[in-house]
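Colleague: Handing you this structure, nothing more for now.
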Amino acid sequence: MMKIAVVYWSGTGNTKAMAEAMVEGATSAGAEVELFSVDGFSADKMSDYQGFLFGCPAMGCEVLEEAEFEPFFAEAEGHLSGIPVGLFGSYGWGNGEWMEEWTRRTKAAEAKVFGDGLMINNVPDEDGLASCRSFAEKFIKNI
């Protein structure tokens, strides 16, 4: 059974709701899944997992959250070569530039990036949560 970690940062709860739906989708696809807020996970734990779903909302001028998530991800990049990774997050403005940059960055770390990431504008409604579950299911099936 594939063991994955869903690691996220959420300021308003939107990305947390997405992360919880990701867990549901990955579990239903047959993976063993653990959910972590980024403050409860570190790059030294990454070798315990065969894949990752990382979640972070767009912040400021469409960047990753800078106090907790960015430092974690900067360290994690050195552990992503050849590893399946899916990216997700919420946003309230802009056009998704943060997700495009994050995807490029993750590919540059030689991760096996799934799709183009999943973005949801503001609070995820039922359709949005269903999209999260579907994204995670497809992620697991494509590993």
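If you're wondering about the labels, chains in the structure tokens are A, B, ... by order shown, residues count from 1 in each chain, ligands from 1 in order shown.
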Could you pull the residues within 8 Å of region 12-26 of chain A, counting only C-alpha atoms, minus those fewer than 3 positions along the same chain, as a PyMOL selection string?
Modeller: chain A and resi 6-9+29-35+53+55-57+88-90+122-124+129-130+132-137+139-140
Colleague: For the residues selected in the previous step, produce a file with C-alpha atoms as a tab-separated table (two decimals), in the first residue's frame.
Modeller:
chain	number	residue	atom	x	y	z
A	6	VAL	CA	-0.77	15.53	2.95
A	7	VAL	CA	1.10	18.57	4.29
A	8	TYR	CA	-0.55	21.99	4.30
A	9	TRP	CA	-0.64	25.51	5.71
A	29	ALA	CA	-8.06	5.21	-3.87
A	30	GLY	CA	-6.29	2.77	-1.55
A	31	ALA	CA	-3.42	4.78	-0.09
A	32	GLU	CA	-2.35	4.97	3.52
A	33	VAL	CA	-2.56	8.69	4.22
A	34	GLU	CA	-1.38	10.94	7.04
A	35	LEU	CA	-2.44	14.59	7.38
A	53	LEU	CA	0.16	16.29	-1.56
A	55	GLY	CA	-1.23	22.55	0.12
A	56	CYS	CA	-0.63	26.26	0.55
A	57	PRO	CA	-2.79	29.26	-0.33
A	88	PHE	CA	-3.13	22.47	-4.13
A	89	GLY	CA	-4.32	25.65	-2.48
A	90	SER	CA	-6.89	28.38	-2.24
A	122	ASN	CA	-11.88	31.35	-1.57
A	123	VAL	CA	-14.00	28.87	0.43
A	124	PRO	CA	-14.26	25.45	-1.22
A	129	LEU	CA	-14.30	19.57	-2.20
A	130	ALA	CA	-15.37	16.94	-4.74
A	132	CYS	CA	-10.13	17.82	-4.22
A	133	ARG	CA	-11.22	14.23	-3.62
A	134	SER	CA	-11.04	13.51	-7.36
A	135	PHE	CA	-7.60	15.14	-7.69
A	136	ALA	CA	-6.24	12.97	-4.85
A	137	GLU	CA	-7.80	9.79	-6.26
A	139	PHE	CA	-2.93	11.32	-8.04
A	140	ILE	CA	-2.84	7.91	-6.31
Colleague: Could you list, as a list in words, every residue within 10 Å of Glu77 (chain A), counting only C-alpha atoms and ignoring same-chain residues fewer than 5 positions away?
Modeller: Ala43, Phe72, Arg105, Thr106, Lys107, Ala108, Ala109, Glu110 and Ala111 of chain A
Colleague: Got time to write the residues from that selection, all heavy atoms, as a compact mmCIF listing (two decimals), in the first residue's frame?
Modeller:
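Everything below was put into part.txt:
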# COMPACT_ATOMS: atom_id res chain seq x y z
N ALA A 43 11.14 18.14 6.87
CA ALA A 43 11.73 17.45 5.73
C ALA A 43 12.43 16.16 6.14
O ALA A 43 12.51 15.23 5.34
CB ALA A 43 12.69 18.39 5.01
N PHE A 72 9.77 25.51 5.07
CA PHE A 72 9.63 24.06 4.99
C PHE A 72 9.87 23.60 3.55
O PHE A 72 10.65 22.68 3.31
CB PHE A 72 8.24 23.60 5.46
CG PHE A 72 7.87 22.26 4.89
CD1 PHE A 72 8.46 21.10 5.37
CD2 PHE A 72 6.98 22.16 3.83
CE1 PHE A 72 8.16 19.86 4.81
CE2 PHE A 72 6.67 20.93 3.26
CZ PHE A 72 7.27 19.78 3.76
N ARG A 105 8.82 25.27 -9.85
CA ARG A 105 9.83 25.05 -8.81
C ARG A 105 9.91 23.58 -8.41
O ARG A 105 10.99 23.01 -8.24
CB ARG A 105 9.46 25.92 -7.62
CG ARG A 105 10.41 25.93 -6.51
CD ARG A 105 9.93 26.94 -5.49
NE ARG A 105 10.62 26.75 -4.25
CZ ARG A 105 10.36 27.40 -3.14
NH1 ARG A 105 9.39 28.31 -3.12
NH2 ARG A 105 11.03 27.16 -2.04
N THR A 106 8.74 22.95 -8.28
CA THR A 106 8.69 21.54 -7.88
C THR A 106 9.23 20.65 -8.99
O THR A 106 9.95 19.68 -8.73
CB THR A 106 7.25 21.16 -7.49
OG1 THR A 106 6.79 22.08 -6.49
CG2 THR A 106 7.18 19.76 -6.92
N LYS A 107 8.93 20.99 -10.23
CA LYS A 107 9.50 20.24 -11.36
C LYS A 107 11.01 20.43 -11.43
O LYS A 107 11.74 19.49 -11.74
CB LYS A 107 8.86 20.70 -12.67
CG LYS A 107 7.44 20.19 -12.84
CD LYS A 107 6.83 20.68 -14.14
CE LYS A 107 5.42 20.12 -14.30
NZ LYS A 107 4.78 20.64 -15.53
N ALA A 108 11.49 21.63 -11.12
CA ALA A 108 12.93 21.89 -11.12
C ALA A 108 13.64 21.05 -10.05
O ALA A 108 14.82 20.72 -10.20
CB ALA A 108 13.21 23.38 -10.90
N ALA A 109 12.91 20.68 -8.99
CA ALA A 109 13.47 19.80 -7.95
C ALA A 109 13.40 18.34 -8.39
O ALA A 109 13.73 17.45 -7.61
CB ALA A 109 12.71 20.00 -6.64
N GLU A 110 12.96 18.12 -9.63
CA GLU A 110 12.88 16.80 -10.26
C GLU A 110 11.83 15.89 -9.64
O GLU A 110 11.91 14.67 -9.75
CB GLU A 110 14.24 16.13 -10.33
CG GLU A 110 15.24 16.94 -11.12
CD GLU A 110 16.61 16.31 -11.22
OE1 GLU A 110 16.85 15.23 -10.64
OE2 GLU A 110 17.46 16.91 -11.91
N ALA A 111 10.81 16.48 -9.02
CA ALA A 111 9.68 15.70 -8.53
C ALA A 111 8.83 15.27 -9.72
O ALA A 111 8.86 15.89 -10.78
CB ALA A 111 8.83 16.54 -7.57
Colleague: Can you work out which one of A:Gly78, A:Pro71, A:Gly60, A:Gly11 has the shortest atom-to-atom distance to Trp93 (chain A), counting only C-alpha atoms?
Modeller: A:Gly60
Colleague: Smallest atom-to-atom distance to Phe54 (chain A): which of A:Leu87, A:Met119, A:Leu80, A:Ile4, using only C-alpha atoms?
Modeller: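 Ranked by minimum distance to Phe54 (chain A), first place goes to A:Leu87.
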Colleague: Taking the DSSP secondary structure from the backbone, can you list the residues of region 11-64 of chain A that are alpha helix (DSSP H), as an MDAnalysis selection string?
Modeller: chainID A and resid 14:28
Colleague: Enumerate the residues of chain A with a DSSP assignment of strand (DSSP E or B), computed from the backbone, and present them as an MDAnalysis selection string.
Modeller: chainID A and resid 3:8 32:37 51:55 59 63 84:91 112:113 118:121
Colleague: Go ahead and save the picked residues with N, CA, C and O atoms, as a CSV table (one decimal), in the first residue's frame.
Modeller:
chain,number,residue,atom,x,y,z
A,3,LYS,N,2.1,4.8,0.9
A,3,LYS,CA,2.0,5.7,2.0
A,3,LYS,C,2.3,7.1,1.6
A,3,LYS,O,3.4,7.4,1.1
A,4,ILE,N,1.3,8.0,1.8
A,4,ILE,CA,1.6,9.4,1.4
A,4,ILE,C,1.3,10.3,2.6
A,4,ILE,O,0.5,10.0,3.5
A,5,ALA,N,1.8,11.5,2.5
A,5,ALA,CA,1.5,12.6,3.5
A,5,ALA,C,0.9,13.8,2.7
A,5,ALA,O,1.3,14.1,1.6
A,6,VAL,N,-0.2,14.3,3.4
A,6,VAL,CA,-0.8,15.5,2.9
A,6,VAL,C,-0.3,16.6,3.9
A,6,VAL,O,-0.6,16.5,5.1
A,7,VAL,N,0.5,17.6,3.4
A,7,VAL,CA,1.1,18.6,4.3
A,7,VAL,C,0.6,19.9,3.8
A,7,VAL,O,0.7,20.2,2.6
A,8,TYR,N,0.1,20.7,4.7
A,8,TYR,CA,-0.6,22.0,4.3
A,8,TYR,C,-0.3,23.1,5.3
A,8,TYR,O,0.0,22.9,6.5
A,32,GLU,N,-2.4,4.7,2.1
A,32,GLU,CA,-2.3,5.0,3.5
A,32,GLU,C,-1.9,6.4,3.6
A,32,GLU,O,-0.9,6.8,3.0
A,33,VAL,N,-2.7,7.2,4.3
A,33,VAL,CA,-2.6,8.7,4.2
A,33,VAL,C,-2.5,9.3,5.6
A,33,VAL,O,-3.2,8.9,6.5
A,34,GLU,N,-1.5,10.2,5.8
A,34,GLU,CA,-1.4,10.9,7.0
A,34,GLU,C,-1.5,12.4,6.7
A,34,GLU,O,-0.9,12.9,5.7
A,35,LEU,N,-2.2,13.2,7.6
A,35,LEU,CA,-2.4,14.6,7.4
A,35,LEU,C,-1.6,15.4,8.4
A,35,LEU,O,-1.6,15.1,9.6
A,36,PHE,N,-0.9,16.4,7.9
A,36,PHE,CA,-0.1,17.2,8.8
A,36,PHE,C,-0.2,18.7,8.4
A,36,PHE,O,-0.2,19.1,7.3
A,37,SER,N,-0.4,19.5,9.4
A,37,SER,CA,-0.2,20.9,9.3
A,37,SER,C,1.3,21.1,9.2
A,37,SER,O,2.1,20.3,9.8
A,51,GLY,N,4.9,9.5,-1.5
A,51,GLY,CA,4.4,10.6,-2.3
A,51,GLY,C,3.8,11.7,-1.3
A,51,GLY,O,3.6,11.4,-0.1
A,52,PHE,N,3.6,12.9,-1.9
A,52,PHE,CA,3.1,14.0,-1.1
A,52,PHE,C,2.1,14.8,-1.9
A,52,PHE,O,2.2,15.0,-3.1
A,53,LEU,N,1.1,15.3,-1.1
A,53,LEU,CA,0.2,16.3,-1.6
A,53,LEU,C,0.4,17.5,-0.7
A,53,LEU,O,0.2,17.4,0.5
A,54,PHE,N,0.9,18.6,-1.3
A,54,PHE,CA,1.3,19.8,-0.5
A,54,PHE,C,0.2,20.9,-0.8
A,54,PHE,O,-0.1,21.1,-2.0
A,55,GLY,N,-0.2,21.5,0.3
A,55,GLY,CA,-1.2,22.5,0.1
A,55,GLY,C,-0.8,23.8,0.8
A,55,GLY,O,-0.4,23.9,1.9
A,59,MET,N,-0.5,33.9,-1.1
A,59,MET,CA,-0.3,34.9,-0.1
A,59,MET,C,0.3,36.2,-0.8
A,59,MET,O,1.0,36.0,-1.8
A,63,VAL,N,2.5,34.4,-3.6
A,63,VAL,CA,3.6,33.6,-3.2
A,63,VAL,C,3.1,32.6,-2.1
A,63,VAL,O,2.0,32.8,-1.6
A,84,PRO,N,6.5,11.4,-6.4
A,84,PRO,CA,5.3,11.9,-6.8
A,84,PRO,C,4.8,13.0,-5.9
A,84,PRO,O,4.7,12.9,-4.7
A,85,VAL,N,4.4,14.2,-6.5
A,85,VAL,CA,3.9,15.3,-5.7
A,85,VAL,C,2.7,15.9,-6.4
A,85,VAL,O,2.7,16.1,-7.7
A,86,GLY,N,1.7,16.2,-5.6
A,86,GLY,CA,0.5,17.0,-6.1
A,86,GLY,C,0.5,18.3,-5.3
A,86,GLY,O,0.7,18.3,-4.1
A,87,LEU,N,0.1,19.4,-5.9
A,87,LEU,CA,0.0,20.7,-5.3
A,87,LEU,C,-1.4,21.2,-5.3
A,87,LEU,O,-2.1,21.1,-6.3
A,88,PHE,N,-1.8,21.9,-4.2
A,88,PHE,CA,-3.1,22.5,-4.1
A,88,PHE,C,-3.1,23.7,-3.2
A,88,PHE,O,-2.3,23.8,-2.4
A,89,GLY,N,-4.2,24.5,-3.4
A,89,GLY,CA,-4.3,25.7,-2.5
A,89,GLY,C,-5.5,26.5,-2.9
A,89,GLY,O,-6.0,26.5,-4.0
A,90,SER,N,-5.8,27.4,-2.0
A,90,SER,CA,-6.9,28.4,-2.2
A,90,SER,C,-6.3,29.8,-2.5
A,90,SER,O,-5.1,30.0,-2.2
A,91,TYR,N,-7.1,30.6,-3.1
A,91,TYR,CA,-6.6,32.0,-3.4
A,91,TYR,C,-7.9,32.9,-3.4
A,91,TYR,O,-9.0,32.4,-3.5
A,112,LYS,N,8.1,14.2,-9.5
A,112,LYS,CA,7.1,13.8,-10.5
A,112,LYS,C,5.8,14.5,-10.2
A,112,LYS,O,4.9,14.0,-9.5
A,113,VAL,N,5.6,15.7,-10.8
A,113,VAL,CA,4.5,16.6,-10.4
A,113,VAL,C,3.3,16.1,-11.2
A,113,VAL,O,3.3,15.9,-12.4
A,118,LEU,N,-4.1,22.1,-8.1
A,118,LEU,CA,-5.6,22.4,-8.0
A,118,LEU,C,-5.7,23.6,-7.2
A,118,LEU,O,-5.3,23.7,-6.0
A,119,MET,N,-6.4,24.6,-7.8
A,119,MET,CA,-6.7,25.9,-7.1
A,119,MET,C,-8.2,26.1,-6.9
A,119,MET,O,-9.0,25.7,-7.8
A,120,ILE,N,-8.6,26.6,-5.8
A,120,ILE,CA,-10.0,26.9,-5.5
A,120,ILE,C,-10.0,28.3,-5.0
A,120,ILE,O,-9.3,28.7,-4.1
A,121,ASN,N,-10.9,29.1,-5.6
A,121,ASN,CA,-11.1,30.5,-5.2
A,121,ASN,C,-11.9,30.6,-3.9
A,121,ASN,O,-13.1,30.1,-3.9
Colleague: Choose the residue, out of A:Ile143, A:Glu97, A:Gly128, A:Phe73, that has the smallest atom-to-atom separation from Val38 (chain A); count only C-alpha atoms.
Modeller: A:Phe73
